[in-house]
Structures are given as C-alpha cells and as structure tokens.
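Note: the block below is model_36.cif and it holds mmCIF, C-alpha atoms.
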```
data_entry
#
loop_
_atom_site.label_atom_id
_atom_site.label_comp_id
_atom_site.auth_asym_id
_atom_site.auth_seq_id
_atom_site.Cartn_x
_atom_site.Cartn_y
_atom_site.Cartn_z
CA MET D 21 -85.22 -60.71 -31.97
CA PHE D 22 -82.39 -59.38 -29.83
CA ARG D 23 -83.31 -57.31 -26.85
CA ILE D 24 -80.99 -55.43 -24.59
CA TRP D 25 -81.47 -56.52 -21.02
CA ASP D 26 -83.11 -53.77 -19.06
CA PRO D 27 -83.40 -54.35 -15.29
CA PHE D 28 -86.22 -51.82 -14.94
CA ARG D 29 -88.25 -53.53 -17.57
CA GLU D 30 -87.76 -56.82 -15.72
CA ILE D 31 -88.93 -55.27 -12.44
CA GLU D 32 -92.01 -53.79 -14.10
CA GLY D 33 -92.84 -57.16 -15.56
CA LEU D 34 -92.39 -58.84 -12.21
CA GLU D 35 -94.63 -56.30 -10.52
CA ARG D 36 -97.33 -56.92 -13.09
CA ASP D 37 -97.09 -60.67 -12.66
CA VAL D 38 -97.23 -60.47 -8.88
CA ASN D 39 -100.24 -58.15 -8.98
CA ARG D 40 -102.01 -60.50 -11.30
CA LEU D 41 -101.18 -63.44 -9.09
CA PHE D 42 -102.81 -61.82 -6.08
CA SER D 43 -105.79 -60.35 -7.85
CA GLY D 44 -107.03 -63.91 -8.42
CA GLU D 45 -107.69 -63.14 -12.03
CA ARG D 46 -105.93 -64.56 -15.03
CA THR D 47 -105.54 -62.70 -18.22
CA TYR D 48 -105.21 -64.76 -21.31
CA GLY D 49 -101.54 -64.92 -22.15
CA ASN D 50 -100.07 -66.13 -25.37
CA PRO D 51 -101.91 -69.04 -26.90
CA PRO D 52 -99.46 -71.92 -27.47
CA VAL D 53 -98.50 -72.75 -31.04
CA ASN D 54 -97.02 -75.73 -32.83
CA VAL D 55 -95.22 -75.20 -36.13
CA PHE D 56 -94.93 -77.97 -38.71
CA VAL D 57 -92.57 -77.28 -41.58
CA GLY D 58 -92.68 -79.00 -44.96
CA GLU D 59 -90.99 -78.39 -48.29
CA GLU D 60 -94.02 -76.72 -49.81
CA ASP D 61 -95.84 -75.24 -46.85
CA VAL D 62 -95.89 -74.54 -43.13
CA ILE D 63 -98.75 -75.47 -40.82
CA VAL D 64 -99.22 -73.46 -37.64
CA THR D 65 -101.69 -74.80 -35.09
CA SER D 66 -102.79 -73.12 -31.91
CA GLU D 67 -105.06 -74.13 -29.05
CA ILE D 68 -107.32 -71.15 -28.37
CA PRO D 69 -110.63 -72.46 -27.03
CA GLY D 70 -113.73 -70.32 -26.75
CA LEU D 71 -113.11 -67.77 -29.46
CA ASP D 72 -115.65 -66.29 -31.79
CA PRO D 73 -114.36 -67.57 -35.18
CA ASN D 74 -115.18 -64.20 -36.75
CA GLY D 75 -113.09 -62.44 -34.17
CA ILE D 76 -109.82 -64.10 -35.17
CA ASP D 77 -107.52 -61.74 -37.00
CA LEU D 78 -104.70 -63.29 -39.03
CA SER D 79 -102.08 -61.38 -40.95
CA VAL D 80 -98.98 -62.40 -42.86
CA THR D 81 -96.07 -60.20 -43.85
CA GLY D 82 -93.19 -62.00 -45.52
CA ASP D 83 -92.20 -64.66 -43.01
CA ILE D 84 -94.12 -63.27 -40.02
CA LEU D 85 -97.55 -64.57 -39.03
CA THR D 86 -99.58 -62.60 -36.50
CA LEU D 87 -102.61 -64.00 -34.67
CA LYS D 88 -104.95 -61.68 -32.83
CA GLY D 89 -108.14 -62.36 -30.98
CA GLU D 90 -110.05 -62.02 -27.79
CA ARG D 91 -111.51 -64.43 -25.27
CA LYS D 92 -114.70 -62.97 -23.90
CA PRO D 93 -115.19 -63.15 -20.13
CA LEU D 94 -118.00 -65.24 -18.67
CA GLU D 95 -121.30 -63.56 -18.02
CA PHE D 96 -121.13 -63.11 -14.33
CA LYS D 97 -124.05 -61.69 -12.41
CA GLU D 98 -124.26 -59.85 -9.14
CA GLY D 99 -124.50 -62.40 -6.36
CA ASP D 100 -122.71 -65.16 -8.25
CA ALA D 101 -119.81 -66.66 -6.36
CA TRP D 102 -116.53 -67.93 -7.77
CA HIS D 103 -115.32 -71.31 -6.65
CA ARG D 104 -112.45 -71.66 -9.08
CA ARG D 105 -111.02 -69.34 -11.65
CA GLU D 106 -108.34 -70.82 -13.83
CA ARG D 107 -109.29 -69.88 -17.37
CA GLY D 108 -108.02 -66.55 -18.51
CA TYR D 109 -109.70 -64.13 -20.83
CA GLY D 110 -108.88 -60.96 -22.68
CA GLY D 111 -107.11 -60.02 -25.86
CA PHE D 112 -103.92 -61.57 -27.18
CA THR D 113 -101.46 -61.04 -29.98
CA ARG D 114 -99.12 -63.77 -31.02
CA THR D 115 -96.37 -63.42 -33.57
CA VAL D 116 -94.73 -66.43 -35.18
CA ARG D 117 -91.65 -66.29 -37.33
CA LEU D 118 -91.86 -68.79 -40.17
CA PRO D 119 -88.83 -70.56 -41.67
CA TYR D 120 -89.41 -68.95 -45.07
CA SER D 121 -91.56 -66.34 -46.81
CA VAL D 122 -95.07 -67.45 -47.61
CA ASP D 123 -97.62 -66.48 -50.22
CA GLY D 124 -100.06 -64.38 -48.22
CA THR D 125 -102.80 -64.73 -50.82
CA LYS D 126 -102.93 -68.53 -50.52
CA VAL D 127 -103.07 -68.83 -46.74
CA GLN D 128 -105.89 -71.00 -45.44
CA ALA D 129 -107.18 -71.00 -41.89
CA LYS D 130 -109.66 -73.20 -40.07
CA TYR D 131 -110.97 -72.94 -36.52
CA ASP D 132 -112.46 -76.15 -35.23
CA LYS D 133 -113.07 -77.40 -31.66
CA GLY D 134 -111.08 -74.52 -30.27
CA VAL D 135 -108.01 -75.29 -32.37
CA LEU D 136 -106.79 -72.92 -35.04
CA ARG D 137 -104.97 -74.45 -38.01
CA VAL D 138 -103.29 -72.21 -40.54
CA THR D 139 -101.73 -73.57 -43.73
CA LEU D 140 -99.22 -71.22 -45.34
CA PRO D 141 -97.82 -72.17 -48.77
CA ARG D 142 -94.24 -71.24 -49.47
CA ALA D 143 -93.78 -68.19 -51.71
CA GLU D 144 -92.82 -69.16 -55.28
CA ALA D 145 -89.89 -66.75 -55.22
CA ASP D 146 -88.58 -68.42 -52.11
CA LYS D 147 -88.69 -72.01 -53.34
CA PRO D 148 -85.35 -73.67 -53.87
CA ARG D 149 -84.51 -73.73 -57.57
CA LYS D 150 -82.81 -76.52 -59.34
CA ILE D 151 -79.92 -75.31 -61.42
CA ASN D 152 -78.83 -77.43 -64.30
CA VAL D 153 -75.13 -77.70 -64.80
CA ARG D 154 -74.17 -77.68 -68.40
CA THR D 155 -71.10 -79.29 -69.62
CA SER D 156 -68.84 -77.24 -71.80
CA GLU D 157 -69.14 -79.71 -74.65
CA ALA D 158 -70.36 -78.13 -77.80
CA MET L 14 -94.54 -65.48 -16.87
CA ALA L 15 -96.06 -62.74 -18.95
CA ASP L 16 -94.33 -63.72 -22.15
CA GLU L 17 -94.73 -67.44 -21.85
CA ALA L 18 -97.27 -69.40 -23.77
CA ILE L 19 -100.17 -70.70 -21.71
CA LYS L 20 -99.61 -74.36 -21.07
CA LYS L 21 -102.12 -76.90 -20.02
CA PRO L 22 -100.85 -78.85 -17.05
CA GLU L 23 -100.12 -82.49 -17.59
CA SER L 24 -101.77 -84.96 -15.27
CA LYS L 25 -99.36 -86.52 -12.80
CA GLY L 26 -101.24 -89.77 -12.57
CA THR L 27 -103.34 -89.39 -9.47
CA MET L 28 -106.02 -91.54 -11.03
CA ALA L 29 -106.35 -95.09 -12.18
CA GLU L 30 -104.15 -95.97 -15.13
CA ARG L 31 -105.69 -95.56 -18.49
CA THR L 32 -105.86 -98.13 -21.21
CA ARG L 33 -104.89 -95.67 -23.91
CA ASP L 34 -101.18 -94.99 -23.94
CA ARG L 35 -101.43 -91.24 -24.30
CA ARG L 36 -100.64 -88.15 -22.38
CA THR L 37 -103.42 -86.81 -20.22
CA TYR L 38 -103.94 -83.16 -19.48
CA ILE L 39 -105.86 -81.40 -16.76
CA PRO L 40 -108.33 -78.98 -18.31
CA ARG L 41 -108.43 -75.50 -16.83
CA VAL L 42 -111.80 -74.73 -15.29
CA ASP L 43 -113.92 -71.93 -13.97
CA ILE L 44 -116.53 -72.92 -11.41
CA TYR L 45 -119.11 -70.52 -10.08
CA SER L 46 -122.47 -70.70 -8.45
CA GLU L 47 -125.64 -68.71 -8.23
CA ASN L 48 -128.72 -69.36 -6.16
CA GLU L 49 -130.03 -72.33 -8.07
CA ASN L 50 -127.18 -73.66 -10.17
CA LEU L 51 -123.54 -74.52 -10.07
CA TYR L 52 -121.68 -73.90 -13.33
CA LEU L 53 -118.50 -75.52 -14.54
CA VAL L 54 -116.70 -74.25 -17.63
CA ALA L 55 -113.67 -76.16 -18.92
CA ASP L 56 -111.19 -75.47 -21.71
CA MET L 57 -110.77 -78.67 -23.69
CA PRO L 58 -109.42 -77.68 -27.11
CA GLY L 59 -109.53 -80.49 -29.66
CA ALA L 60 -112.44 -82.28 -27.99
CA ASP L 61 -116.08 -82.03 -29.03
CA GLU L 62 -119.47 -83.25 -27.86
CA SER L 63 -118.87 -86.71 -29.29
CA THR L 64 -115.61 -87.29 -27.43
CA VAL L 65 -116.36 -85.71 -24.05
CA SER L 66 -118.05 -87.56 -21.23
CA ILE L 67 -119.26 -86.38 -17.88
CA THR L 68 -120.17 -88.68 -15.03
CA LEU L 69 -121.50 -88.01 -11.59
CA ASP L 70 -120.95 -90.88 -9.22
CA LYS L 71 -122.22 -90.10 -5.73
CA ASP L 72 -120.60 -86.71 -5.18
CA VAL L 73 -117.69 -87.08 -7.61
CA LEU L 74 -118.04 -85.31 -10.92
CA THR L 75 -115.63 -86.53 -13.58
CA ILE L 76 -114.99 -84.94 -16.93
CA GLU L 77 -113.07 -86.77 -19.62
CA GLY L 78 -112.31 -86.07 -23.22
CA THR L 79 -110.34 -87.65 -26.00
CA VAL L 80 -108.57 -85.74 -28.73
CA ASP L 81 -107.49 -87.02 -32.12
CA GLU L 82 -104.10 -85.97 -33.34
CA PRO L 83 -104.40 -83.96 -36.55
CA THR L 84 -102.34 -85.14 -39.47
CA SER L 85 -99.44 -83.07 -40.63
CA ALA L 86 -97.85 -85.78 -42.75
CA GLY L 87 -94.74 -84.85 -44.69
CA ARG L 88 -93.97 -81.99 -42.36
CA LYS L 89 -91.67 -81.84 -39.39
CA LEU L 90 -92.50 -80.29 -36.05
CA SER L 91 -90.02 -77.43 -35.86
CA HIS L 92 -91.43 -75.66 -32.85
CA GLY L 93 -93.76 -77.17 -30.26
CA GLU L 94 -95.43 -75.43 -27.35
CA TYR L 95 -98.22 -77.78 -26.54
CA GLY L 96 -98.81 -81.49 -26.52
CA ILE L 97 -101.89 -83.31 -27.67
CA GLY L 98 -103.55 -85.79 -25.42
CA ASP L 99 -106.69 -86.63 -23.54
CA TYR L 100 -108.33 -84.74 -20.71
CA TYR L 101 -109.28 -85.93 -17.27
CA ARG L 102 -110.35 -84.16 -14.13
CA ALA L 103 -112.52 -85.07 -11.17
CA PHE L 104 -114.15 -82.90 -8.54
CA THR L 105 -115.86 -83.67 -5.26
CA LEU L 106 -119.04 -81.66 -5.02
CA SER L 107 -119.95 -80.25 -1.66
CA GLU L 108 -123.57 -79.60 -2.54
CA GLU L 109 -126.44 -81.87 -3.39
CA ILE L 110 -127.09 -81.81 -7.12
CA ASP L 111 -130.30 -82.67 -8.88
CA ARG L 112 -128.69 -85.23 -11.16
CA GLU L 113 -131.69 -85.60 -13.45
CA LYS L 114 -131.40 -82.02 -14.56
CA ILE L 115 -127.69 -81.70 -15.34
CA GLU L 116 -127.11 -80.11 -18.71
CA ALA L 117 -123.90 -79.85 -20.71
CA SER L 118 -122.88 -78.28 -23.97
CA MET L 119 -119.68 -78.01 -25.94
CA LYS L 120 -118.69 -75.17 -28.23
CA ASN L 121 -115.36 -74.22 -29.76
CA GLY L 122 -113.47 -76.50 -27.39
CA VAL L 123 -115.16 -75.18 -24.27
CA LEU L 124 -117.33 -77.45 -22.13
CA ARG L 125 -120.10 -75.88 -20.12
CA VAL L 126 -121.96 -77.85 -17.48
CA CYS L 127 -124.94 -76.60 -15.51
CA LEU L 128 -125.56 -78.48 -12.27
CA PRO L 129 -128.87 -77.54 -10.64
CA LYS L 130 -128.76 -77.63 -6.88
CA ALA L 131 -131.18 -80.06 -5.30
CA GLU L 132 -134.10 -78.82 -3.22
CA PRO L 133 -132.94 -78.61 0.36
CA HIS L 134 -134.22 -81.51 2.35
CA LYS L 135 -136.96 -80.53 4.68
CA THR L 136 -135.89 -80.77 8.23
CA LYS L 137 -137.95 -83.29 10.01
CA LYS L 138 -138.34 -83.03 13.68
CA ILE L 139 -138.26 -86.31 15.48
CA ALA L 140 -140.19 -86.37 18.66
CA ILE L 141 -138.62 -88.17 21.52
CA HIS L 142 -141.01 -89.78 23.88
CA ALA L 143 -140.17 -90.01 27.45
CA GLY L 144 -139.71 -93.57 28.58
CA LEU L 145 -142.46 -94.87 30.71
#
```
Before anything else, please render the file you have as structure tokens.
Amino acid sequence: MFRIWDPFREIEGLERDVNRLFSGERTYGNPPVNVFVGEEDVIVTSEIPGLDPNGIDLSVTGDILTLKGERKPLEFKEGDAWHRRERGYGGFTRTVRLPYSVDGTKVQAKYDKGVLRVTLPRAEADKPRKINVRTSEA
Amino acid sequence: MADEAIKKPESKGTMAERTRDRRTYIPRVDIYSENENLYLVADMPGADESTVSITLDKDVLTIEGTVDEPTSAGRKLSHGEYGIGDYYRAFTLSEEIDREKIEASMKNGVLRVCLPKAEPHKTKKIAIHAGL
C-alpha cells in the first residue's frame, strides 16, 4: 500500500485530469464502495448503475477483492447534440482490501437496481479459535 | 481526481424541504437531443420503476426517487464511500414538449426519459387593417 512519492507521476496525473476536464468527457472512475464487517462475513456494496450484469467480473484472492466491469457509452448518432454530459463511461477496476481472508468458493454476489452487493464469508482457517485452558489438576 | 471514487453530489437544499428526514442526492445526468426527441438519462442507483417519479409542470421537469437502505444487520460499516438517500433534480426545459407522449424506463439503476418535441406552432399572420 505504500508508494514512494514521485513528482513526475503526479504531474502526469494532473495533465491527464486537466485534459479530461477540458475535453468535456468523463470517464468512469472508481465506483464507490461501502464495506460492512461482521464476525462471520464481510459485505461489500458498490453503486455502479447501468452495467450489464454478465459483464461484472469479480475475483477474490486471500483478503483482496477485485471488481471489474464496463459502462457502455450511450448510442449517439450523427447530428445528435449534447446538452449535458455528467455520467461517465468506460472500464473500471476496483480493488478492496478486506479485514480478513475469505473463502473464495462461498462468495455470493447480487446486482440489483444498479447496486452490487457481495457477501464474502470468512475463511475457516482465519476464524478466531477458542482455546480452552486446562488446569493442572489431575 | 483520477484515483478518487466517483461521488454523487449531495443536494444543498435549493428546493422545498422534504418530509422525509433523509439525505438527498443530485443524480448525474446526460441530456441530448435529436431532431424529434430530447433524451434524459440519469444515474439513480438503488431506485427502480416503483420508486421513481417524473413530473412535468409547465416547463419544469422534476425527477425524484426514493431508495431503501439495505440491511447489513450485525455488521459494522468499516469503510464508507457513498451515502444512501433519495434523489431529486429539476430542469427547466427550453423547448415545447409533447407531454402526452413522454416515455420513461428504468433499468439497472439508470432512468431514461424520452421527451418528444412538440410540433412547431404554425405562424399565423395577423392582418392589420388600416383605420378608416
């Protein structure tokens, strides 16, 4: 998670942002996520309206969840005129670090009304174990 | 900017107060027109056809939507990038719209409204008679 500060990288990023600002076009940035943590599982929700549910790509490795997808641009014909353009489109990749390792085989995901909801059960090996303390009495 | 999550802007209360004590967000929209129609596309994640309403009063088009908070009982929010609330936005239309033919649909949290432009009014020439 640590990144060495690189001024050139910052300038490149700034240039890209400024260009985008003036081109009047928005790309779809990172969809926002909310993470709810419980004892047994984690729920990650994300607002990503207008996706093709089959085009959502989810992958889990240990405690890292990756969301990938693409928002398709509007069908815009020759002669059509823009009045407002605020919604972005394009591909995105979002990585979320979870508080513990999850069981990748039991992950459930649902996409409803433009909201993605992923339930990730905690890996058995990662669950806190209760250790009984025995007394030394015979 | 590039690495930040896309946030929906929160409404700053430029409208009448609402009876529901909830946050209200401004949906992001695309508006474009072709010869015969004006199209409005709005991102309203969490809302569906049963909770969205569109009204056209004179030349003001209002879109509203309510969103139910999903339950995540027994779990704590450890990281939050977006809030859940209702949607509200109003536009003043500069063109005459044939209000009988407005059509709207909602899919995957995206509202799409088609507003057909009204037939242009025929110009009527008014003859002015010279006073006798």
List the spatial neighbours of stretch 101-109 of chain D as an MDAnalysis selection string - criterion: any atom at most 12 Å away, all atoms listed in the file, same-chain residues fewer than 2 positions off excluded.
(chainID D and resid 40:41 43:51 68:71 89:99 111:112) or (chainID L and resid 19:22 39:57 104 106:107 123)
Kindly give the distance, in Å, that separates atom CA of L:Pro129 and atom CA of L:Pro58, rounded to a single decimal.
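Between atom CA of L:Pro129 and atom CA of L:Pro58 the gap works out to 25.5 Å.
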Running the PyMOL selection byres ((chain D and resi 132) around 10) on this model by hand, what would come out? Give it as a count of residues only.
19
What is the distance, in Å and to one decimal place, between atom CA of L:Glu109 and atom CA of L:Val65?
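Spanning atom CA of L:Glu109 to atom CA of L:Val65 is a straight-line distance of 23.3 Å.
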Need to verify the contact set: stretch 57-61 of chain D, 8 Å, only C-alpha atoms, exclusion of same-chain residues closer than 6 positions in sequence. Can you return it as a list in words?
Pro119, Val122, Thr139, Leu140, Pro141, Arg142 and Lys147 of chain D; Gly87, Arg88, Lys89, Leu90 and Ser91 of chain L
Run the PyMOL selection byres ((chain L and resi 105) around 12) mentally over the shown coordinates, then write out the matched residues as a list in words, using the chain letters and numbers from the document.
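Selected by the PyMOL selection byres ((chain L and resi 105) around 12) in this file: Thr68, Leu69, Asp70, Lys71, Asp72, Val73, Leu74, Thr75, Ile76, Arg102, Ala103, Phe104, Leu106, Ser107, Glu108, Glu109 and Ile110 of chain L.
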Export C-alpha atoms of the chosen residues as a PDB file, in the coordinates of the input?
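Result file is again.pdb:
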```pdb
ATOM      1  CA  THR L  68    -120.170 -88.680 -15.030  1.00  0.00           C
ATOM      2  CA  LEU L  69    -121.500 -88.010 -11.590  1.00  0.00           C
ATOM      3  CA  ASP L  70    -120.950 -90.880  -9.220  1.00  0.00           C
ATOM      4  CA  LYS L  71    -122.220 -90.100  -5.730  1.00  0.00           C
ATOM      5  CA  ASP L  72    -120.600 -86.710  -5.180  1.00  0.00           C
ATOM      6  CA  VAL L  73    -117.690 -87.080  -7.610  1.00  0.00           C
ATOM      7  CA  LEU L  74    -118.040 -85.310 -10.920  1.00  0.00           C
ATOM      8  CA  THR L  75    -115.630 -86.530 -13.580  1.00  0.00           C
ATOM      9  CA  ILE L  76    -114.990 -84.940 -16.930  1.00  0.00           C
ATOM     10  CA  ARG L 102    -110.350 -84.160 -14.130  1.00  0.00           C
ATOM     11  CA  ALA L 103    -112.520 -85.070 -11.170  1.00  0.00           C
ATOM     12  CA  PHE L 104    -114.150 -82.900  -8.540  1.00  0.00           C
ATOM     13  CA  LEU L 106    -119.040 -81.660  -5.020  1.00  0.00           C
ATOM     14  CA  SER L 107    -119.950 -80.250  -1.660  1.00  0.00           C
ATOM     15  CA  GLU L 108    -123.570 -79.600  -2.540  1.00  0.00           C
ATOM     16  CA  GLU L 109    -126.440 -81.870  -3.390  1.00  0.00           C
ATOM     17  CA  ILE L 110    -127.090 -81.810  -7.120  1.00  0.00           C
TER      18      ILE L 110
END
```
Please indicate the distance in Å from atom CA of D:Asp77 to atom CA of D:Arg117, rounded to one decimal place.
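One can read the atom CA of D:Asp77 to atom CA of D:Arg117 distance as 16.5 Å.
Of the listed residues D:Pro52, D:Gly124, D:Gly82, D:Gly75, the one whose atoms come nearest to chain L is D:Pro52, with distances taken using only C-alpha atoms.
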My list of candidates is D:Val80, D:Asn74, D:Thr125, D:Asp100. Which is closest to chain L when distances are computed with all atoms listed in the file?
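Closest candidate: D:Asp100.
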Find the spatial neighbours of stretch 97-99 of chain L, counting all atoms listed in the file, within a cut-off of 7 Å - ignore same-chain residues fewer than 2 positions away - and output them as an MDAnalysis selection string.
chainID L and resid 35:38 78:80 82 95 101
Out of L:Glu62, L:Asp34, L:Glu77, L:Glu23, which residue has the shortest atom-to-atom distance to chain D when counting all atoms listed in the file?
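Looking only at the distances to chain D, the closest residue turns out to be L:Glu62.
Nearest to chain L of all the residues D:Leu87, D:Ile31, D:Val62, D:Ala145 is D:Val62, based on only C-alpha atoms.
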